[in-house]
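*Asks:* query_20.txt (compact mmCIF, C-alpha atoms) pasted underneath:
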# COMPACT_ATOMS: atom_id res chain seq x y z
CA LYS A 1 14.91 -17.06 -25.47
CA ALA A 2 14.25 -17.53 -21.77
CA GLY A 3 15.44 -14.82 -19.42
CA VAL A 4 17.50 -15.08 -16.28
CA THR A 5 15.82 -17.29 -13.70
CA GLN A 6 16.41 -17.28 -9.97
CA THR A 7 15.30 -19.72 -7.34
CA PRO A 8 13.80 -19.55 -4.86
CA ARG A 9 11.89 -16.27 -5.24
CA TYR A 10 11.27 -15.87 -1.54
CA LEU A 11 13.10 -17.23 1.47
CA ILE A 12 12.81 -16.78 5.20
CA LYS A 13 15.75 -17.82 7.38
CA THR A 14 16.81 -17.43 10.99
CA ARG A 15 19.93 -15.65 12.20
CA GLY A 16 22.92 -17.93 12.20
CA GLN A 17 21.64 -20.21 9.43
CA GLN A 18 23.14 -20.41 5.99
CA VAL A 19 21.41 -20.05 2.62
CA THR A 20 22.10 -20.92 -1.02
CA LEU A 21 20.56 -19.02 -3.90
CA SER A 22 20.56 -20.21 -7.49
CA CYS A 23 20.73 -18.42 -10.81
CA SER A 24 20.39 -19.72 -14.36
CA PRO A 25 21.66 -17.24 -16.97
CA ILE A 26 20.28 -16.57 -20.42
CA SER A 27 21.32 -19.37 -22.77
CA GLY A 28 24.76 -18.62 -24.22
CA HIS A 29 25.70 -16.10 -21.55
CA ARG A 30 28.92 -16.94 -19.75
CA SER A 31 29.16 -14.16 -17.19
CA VAL A 32 27.02 -14.09 -14.06
CA SER A 33 27.06 -11.27 -11.51
CA TRP A 34 25.29 -10.96 -8.18
CA TYR A 35 23.98 -7.81 -6.52
CA GLN A 36 22.39 -7.02 -3.19
CA GLN A 37 19.58 -4.46 -3.09
CA THR A 38 18.49 -2.86 0.19
CA PRO A 39 16.58 0.37 0.91
CA GLY A 40 19.52 1.80 2.83
CA GLN A 41 22.49 0.83 0.67
CA GLY A 42 20.85 0.59 -2.73
CA LEU A 43 22.32 -1.78 -5.32
CA GLN A 44 25.71 -3.18 -4.40
CA PHE A 45 27.89 -5.52 -6.41
CA LEU A 46 28.75 -8.82 -4.74
CA PHE A 47 30.81 -10.73 -7.32
CA GLU A 48 31.11 -11.78 -10.93
CA TYR A 49 31.87 -15.20 -12.35
CA PHE A 50 33.03 -15.86 -15.89
CA SER A 51 33.89 -19.29 -17.21
CA GLU A 52 33.71 -20.75 -13.69
CA THR A 53 36.25 -18.24 -12.32
CA GLN A 54 35.55 -15.36 -9.99
CA ARG A 55 36.43 -12.31 -12.01
CA ASN A 56 35.63 -9.52 -9.60
CA LYS A 57 34.49 -9.16 -6.01
CA GLY A 58 32.72 -6.38 -4.17
CA ASN A 59 33.24 -5.20 -0.64
CA PHE A 60 31.36 -7.86 1.28
CA PRO A 61 32.55 -10.09 4.15
CA GLY A 62 33.78 -13.60 3.52
CA ARG A 63 30.40 -14.99 4.64
CA PHE A 64 29.26 -14.23 1.10
CA SER A 65 30.58 -16.67 -1.46
CA GLY A 66 29.66 -17.95 -4.86
CA ARG A 67 30.51 -20.36 -7.60
CA GLN A 68 29.74 -21.03 -11.22
CA PHE A 69 29.27 -24.37 -12.90
CA SER A 70 30.36 -25.52 -16.34
CA ASN A 71 26.87 -24.80 -17.74
CA SER A 72 27.23 -21.18 -16.49
CA ARG A 73 24.62 -21.62 -13.77
CA SER A 74 25.68 -19.92 -10.57
CA GLU A 75 25.00 -20.19 -6.87
CA MET A 76 25.70 -17.81 -4.06
CA ASN A 77 25.94 -18.79 -0.44
CA VAL A 78 25.62 -16.71 2.69
CA SER A 79 26.75 -18.34 5.92
CA THR A 80 25.96 -17.31 9.49
CA LEU A 81 23.10 -15.06 8.44
CA GLU A 82 22.63 -11.69 10.11
CA LEU A 83 19.53 -9.51 10.23
CA GLY A 84 21.26 -7.04 7.93
CA ASP A 85 21.49 -9.65 5.19
CA SER A 86 17.76 -9.24 4.56
CA ALA A 87 17.62 -7.96 1.01
CA LEU A 88 16.66 -8.61 -2.57
CA TYR A 89 19.47 -10.57 -4.22
CA LEU A 90 19.66 -10.03 -7.94
CA CYS A 91 21.50 -12.11 -10.46
CA ALA A 92 22.50 -10.73 -13.85
CA SER A 93 23.99 -12.41 -16.88
CA SER A 94 25.88 -11.13 -19.88
CA TRP A 95 27.33 -12.70 -23.00
CA THR A 96 30.85 -11.77 -22.05
CA SER A 97 32.81 -10.03 -19.31
CA GLY A 98 33.77 -6.46 -20.10
CA GLY A 99 33.81 -4.69 -23.42
CA ALA A 100 31.02 -3.25 -25.54
CA HIS A 101 28.75 -6.31 -25.41
CA ALA A 102 28.75 -6.95 -21.71
CA GLU A 103 25.35 -5.43 -20.96
CA GLN A 104 23.72 -7.25 -18.12
CA TYR A 105 20.25 -8.74 -17.99
CA PHE A 106 18.70 -9.24 -14.60
CA GLY A 107 16.57 -11.92 -13.08
CA PRO A 108 13.54 -11.25 -10.87
CA GLY A 109 15.57 -11.64 -7.68
CA THR A 110 15.35 -13.67 -4.52
CA ARG A 111 13.81 -11.87 -1.56
CA LEU A 112 15.65 -13.05 1.57
CA THR A 113 14.24 -12.24 4.99
CA VAL A 114 16.34 -13.02 8.06
CA THR A 115 14.49 -13.17 11.39
CA GLY B 116 36.37 6.55 -6.16
CA ASN B 117 33.97 5.58 -8.92
CA SER B 118 30.40 6.69 -8.36
CA VAL B 119 27.11 7.68 -9.95
CA THR B 120 24.96 10.56 -8.77
CA GLN B 121 21.32 10.72 -9.72
CA MET B 122 18.77 13.44 -9.41
CA GLU B 123 17.01 13.13 -6.10
CA GLY B 124 13.47 11.86 -6.15
CA PRO B 125 10.73 11.18 -5.96
CA VAL B 126 9.51 12.78 -9.18
CA THR B 127 5.79 13.20 -9.80
CA LEU B 128 4.49 14.22 -13.21
CA SER B 129 1.20 14.40 -15.05
CA GLU B 130 0.64 12.21 -18.07
CA GLU B 131 2.19 13.62 -21.27
CA ALA B 132 4.64 15.81 -19.34
CA PHE B 133 8.33 15.99 -20.27
CA LEU B 134 10.71 13.93 -18.16
CA THR B 135 14.35 14.56 -17.30
CA ILE B 136 16.29 12.54 -14.74
CA ASN B 137 19.83 13.79 -14.28
CA CYS B 138 22.77 11.45 -13.93
CA THR B 139 26.47 12.24 -13.57
CA TYR B 140 29.31 9.82 -13.02
CA THR B 141 32.87 9.70 -11.74
CA ALA B 142 34.96 6.98 -13.32
CA THR B 143 38.34 6.36 -14.82
CA GLY B 144 38.72 5.50 -18.47
CA TYR B 145 35.78 5.13 -20.84
CA PRO B 146 32.92 3.31 -19.14
CA SER B 147 29.72 2.13 -20.76
CA LEU B 148 26.60 3.85 -19.42
CA PHE B 149 23.16 2.41 -18.81
CA TRP B 150 19.68 3.19 -17.62
CA TYR B 151 17.72 0.43 -15.94
CA VAL B 152 14.09 0.47 -14.81
CA GLN B 153 12.57 -1.47 -11.94
CA TYR B 154 8.84 -2.04 -11.59
CA PRO B 155 7.39 -3.00 -8.19
CA GLY B 156 8.28 -6.54 -7.16
CA GLU B 157 10.49 -7.14 -10.17
CA GLY B 158 14.15 -7.19 -11.11
CA LEU B 159 15.88 -4.57 -13.25
CA GLN B 160 15.15 -4.19 -16.93
CA LEU B 161 17.74 -2.71 -19.28
CA LEU B 162 16.18 0.42 -20.75
CA LEU B 163 19.01 1.80 -22.89
CA LYS B 164 22.78 2.00 -23.14
CA ALA B 165 25.65 3.95 -24.67
CA THR B 166 29.19 2.66 -24.97
CA LYS B 167 31.17 5.69 -26.13
CA ALA B 168 31.17 9.46 -26.04
CA ASP B 169 28.36 11.19 -27.99
CA ASP B 170 26.45 7.90 -28.40
CA LYS B 171 22.70 8.27 -27.92
CA GLY B 172 20.83 5.35 -26.43
CA SER B 173 17.09 5.15 -27.05
CA ASN B 174 14.22 2.80 -26.33
CA LYS B 175 10.44 3.11 -25.83
CA GLY B 176 10.58 6.88 -26.27
CA PHE B 177 13.37 7.32 -23.69
CA GLU B 178 16.71 8.81 -24.73
CA ALA B 179 20.07 9.56 -23.12
CA THR B 180 23.29 10.90 -24.61
CA TYR B 181 26.78 10.02 -23.35
CA ARG B 182 28.44 13.38 -22.62
CA LYS B 183 32.06 12.82 -21.71
CA GLU B 184 32.85 16.51 -21.30
CA THR B 185 30.23 16.85 -18.55
CA THR B 186 30.41 13.17 -17.40
CA SER B 187 26.64 12.99 -17.71
CA PHE B 188 23.98 10.64 -19.08
CA HIS B 189 20.64 12.34 -18.46
CA LEU B 190 17.46 10.40 -19.19
CA GLU B 191 14.68 12.14 -21.13
CA LYS B 192 11.25 11.34 -22.48
CA GLY B 193 9.03 13.76 -24.32
CA SER B 194 5.66 12.50 -23.10
CA VAL B 195 5.40 10.18 -20.11
CA GLN B 196 2.61 7.68 -19.55
CA VAL B 197 1.13 6.25 -16.36
CA SER B 198 2.80 2.94 -17.26
CA ASP B 199 6.23 4.64 -16.98
CA SER B 200 5.81 4.84 -13.19
CA ALA B 201 8.78 2.93 -11.78
CA VAL B 202 12.23 3.40 -10.25
CA TYR B 203 14.97 4.39 -12.70
CA PHE B 204 18.63 3.60 -12.11
CA CYS B 205 21.62 5.09 -13.87
CA ALA B 206 24.72 2.88 -13.95
CA PHE B 207 28.17 2.63 -15.46
CA GLN B 208 30.30 -0.34 -16.32
CA GLU B 209 34.05 -0.18 -16.66
CA THR B 210 35.71 -1.84 -19.60
CA SER B 211 37.29 -4.59 -17.51
CA GLY B 212 34.62 -6.95 -16.24
CA SER B 213 30.85 -6.69 -16.05
CA ARG B 214 30.56 -4.94 -12.70
CA LEU B 215 27.89 -2.23 -12.63
CA THR B 216 28.01 0.77 -10.32
CA PHE B 217 24.54 2.18 -9.73
CA GLY B 218 23.08 5.49 -8.69
CA GLU B 219 20.59 5.69 -5.84
CA GLY B 220 17.56 5.36 -8.11
CA THR B 221 14.81 7.85 -8.87
CA GLN B 222 11.19 7.01 -8.16
CA LEU B 223 8.92 8.30 -10.93
CA THR B 224 5.16 8.52 -10.49
CA VAL B 225 2.99 9.58 -13.42
CA ASN B 226 -0.56 10.61 -12.64
CA PRO B 227 -3.40 10.43 -15.19
In C-alpha cells, what does this structure look like?

*Replies:*
Amino acid sequence: KAGVTQTPRYLIKTRGQQVTLSCSPISGHRSVSWYQQTPGQGLQFLFEYFSETQRNKGNFPGRFSGRQFSNSRSEMNVSTLELGDSALYLCASSWTSGGAHAEQYFGPGTRLTVT
Amino acid sequence: GNSVTQMEGPVTLSEEAFLTINCTYTATGYPSLFWYVQYPGEGLQLLLKATKADDKGSNKGFEATYRKETTSFHLEKGSVQVSDSAVYFCAFQETSGSRLTFGEGTQLTVNP
C-alpha cells in the first residue's frame, strides 16, 4: 500500500505570494492533518479534516487554510506569505479521527522557503 | 494546558549502549501515546504506540510503557545501532480527533 504523498517536495516563494500544498493520504484513510515544523517552534498542529469537514484547528492565523476533497485528498493554502512561514509542512493521514485506531502516518513533507 | 516534555538532547552514545529518552505529558482524560522518529530530510515515521495505561508499545527493539501514575512514556532500547541515529519525538493524541501534541524532539547520535 502506498504511503502518504505530498507535492511539491520543495518550493521557493516570495513574501506576499500565496502557495498551495497537496497531500494524498494512504488509501482508505479518511482523516488528514497538517503540521508545521520549524527549528524554533518544533511541530505544531495546523488543522485536521475528516470526511471533507474541518474537525480541529490549531492556533494559526487565518492566512492558513485547508480543504479536503471527496477522495480524501487534501490541500492547504497559505496566503500573503511571510518570512516566518518558511518551514517543513507535514501531512499525516489516519483511518479515522480519534479513538484507538487513529494513529497518524506522515508524508515526506513539503519544504517551503519564503524569500 | 496540554503538553509533552522530552529529555533534553542531544544524546550521543556508542554502538550497543543502552538508550533511555524520557517523556512526560500533561493532558486531560486518557490520551494515546506515541513515539515517532525522523531521519534527516524525511517525514516522521511511527515507531510505537500505546493506547491505555500499562500498555507496552514495542518495535525494532524499542519499547515504551504507558505509565498513567507518573504520566510518562519513556523510550528504551537495550543495544543501539549506528542506524538508530535520528531525532525522536514523543507525542500524545486525545481521544477526540487525531491532533497530535509533540515534544521538542531528542537528537540521538550513535557512534561506531

*Asks:* Can you pull out the residues contacting stretch 129-138 of chain B? Cut-off 12 Å, using only C-alpha atoms, and skip same-chain residues under 2 positions away; I want them as a short mmCIF file (atom, residue, chain, number, x, y, z; two decimals) with C-alpha atoms, in the coordinates of the input.

*Replies:*
data_model
loop_
_atom_site.label_atom_id
_atom_site.label_comp_id
_atom_site.auth_asym_id
_atom_site.auth_seq_id
_atom_site.Cartn_x
_atom_site.Cartn_y
_atom_site.Cartn_z
CA SER B 118 30.40 6.69 -8.36
CA VAL B 119 27.11 7.68 -9.95
CA THR B 120 24.96 10.56 -8.77
CA GLN B 121 21.32 10.72 -9.72
CA MET B 122 18.77 13.44 -9.41
CA GLU B 123 17.01 13.13 -6.10
CA GLY B 124 13.47 11.86 -6.15
CA PRO B 125 10.73 11.18 -5.96
CA VAL B 126 9.51 12.78 -9.18
CA THR B 127 5.79 13.20 -9.80
CA TYR B 140 29.31 9.82 -13.02
CA THR B 141 32.87 9.70 -11.74
CA LEU B 148 26.60 3.85 -19.42
CA PHE B 149 23.16 2.41 -18.81
CA TRP B 150 19.68 3.19 -17.62
CA GLY B 176 10.58 6.88 -26.27
CA PHE B 177 13.37 7.32 -23.69
CA GLU B 178 16.71 8.81 -24.73
CA ALA B 179 20.07 9.56 -23.12
CA THR B 180 23.29 10.90 -24.61
CA TYR B 181 26.78 10.02 -23.35
CA ARG B 182 28.44 13.38 -22.62
CA THR B 185 30.23 16.85 -18.55
CA THR B 186 30.41 13.17 -17.40
CA SER B 187 26.64 12.99 -17.71
CA PHE B 188 23.98 10.64 -19.08
CA HIS B 189 20.64 12.34 -18.46
CA LEU B 190 17.46 10.40 -19.19
CA GLU B 191 14.68 12.14 -21.13
CA LYS B 192 11.25 11.34 -22.48
CA GLY B 193 9.03 13.76 -24.32
CA SER B 194 5.66 12.50 -23.10
CA VAL B 195 5.40 10.18 -20.11
CA GLN B 196 2.61 7.68 -19.55
CA VAL B 197 1.13 6.25 -16.36
CA SER B 198 2.80 2.94 -17.26
CA ASP B 199 6.23 4.64 -16.98
CA SER B 200 5.81 4.84 -13.19
CA VAL B 202 12.23 3.40 -10.25
CA TYR B 203 14.97 4.39 -12.70
CA PHE B 204 18.63 3.60 -12.11
CA CYS B 205 21.62 5.09 -13.87
CA ALA B 206 24.72 2.88 -13.95
CA PHE B 207 28.17 2.63 -15.46
CA PHE B 217 24.54 2.18 -9.73
CA GLY B 218 23.08 5.49 -8.69
CA GLU B 219 20.59 5.69 -5.84
CA GLY B 220 17.56 5.36 -8.11
CA THR B 221 14.81 7.85 -8.87
CA GLN B 222 11.19 7.01 -8.16
CA LEU B 223 8.92 8.30 -10.93
CA THR B 224 5.16 8.52 -10.49
CA VAL B 225 2.99 9.58 -13.42
CA ASN B 226 -0.56 10.61 -12.64
CA PRO B 227 -3.40 10.43 -15.19
#

*Asks:* What does the distance between atom CA of A:Ser70 and atom CA of A:Ile26 come to in Å, to one decimal place?

*Replies:*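 Atom CA of A:Ser70 sits 14.1 Å away from atom CA of A:Ile26.
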
*Asks:* Env of A:Ser51: 8 Å cut, atoms = all atoms listed in the file, seq-sep filter 5 positions within chain, self excluded. Answer as a PyMOL selection string.

*Replies:* chain A and resi 30-31+68+70+72

*Asks:* Tell me, in Å to one decimal, how far atom CA of B:Tyr151 is from atom CA of B:Leu128.

*Replies:* 19.3 Å

*Asks:* Taking all atoms listed in the file into account, what are the residues of chain A at most 6 Å from chain B, put as a count of residues only?

*Replies:* 8

*Asks:* Step by step, gather every atom of stretch 125-142 of chain B that the file lists, find the box along x, y and z that holds them, add 4 Å on each side, and finally give centre and edge lengths in Å to one decimal, as JSON.

*Replies:*
{"center_x": 17.8, "center_y": 11.5, "center_z": -13.6, "size_x": 42.3, "size_y": 17.0, "size_z": 23.3}

*Asks:* Can you work out the spacing between atom CA of A:Thr96 and atom CA of A:Val4 in Å, to one decimal?

*Replies:* 14.9 Å
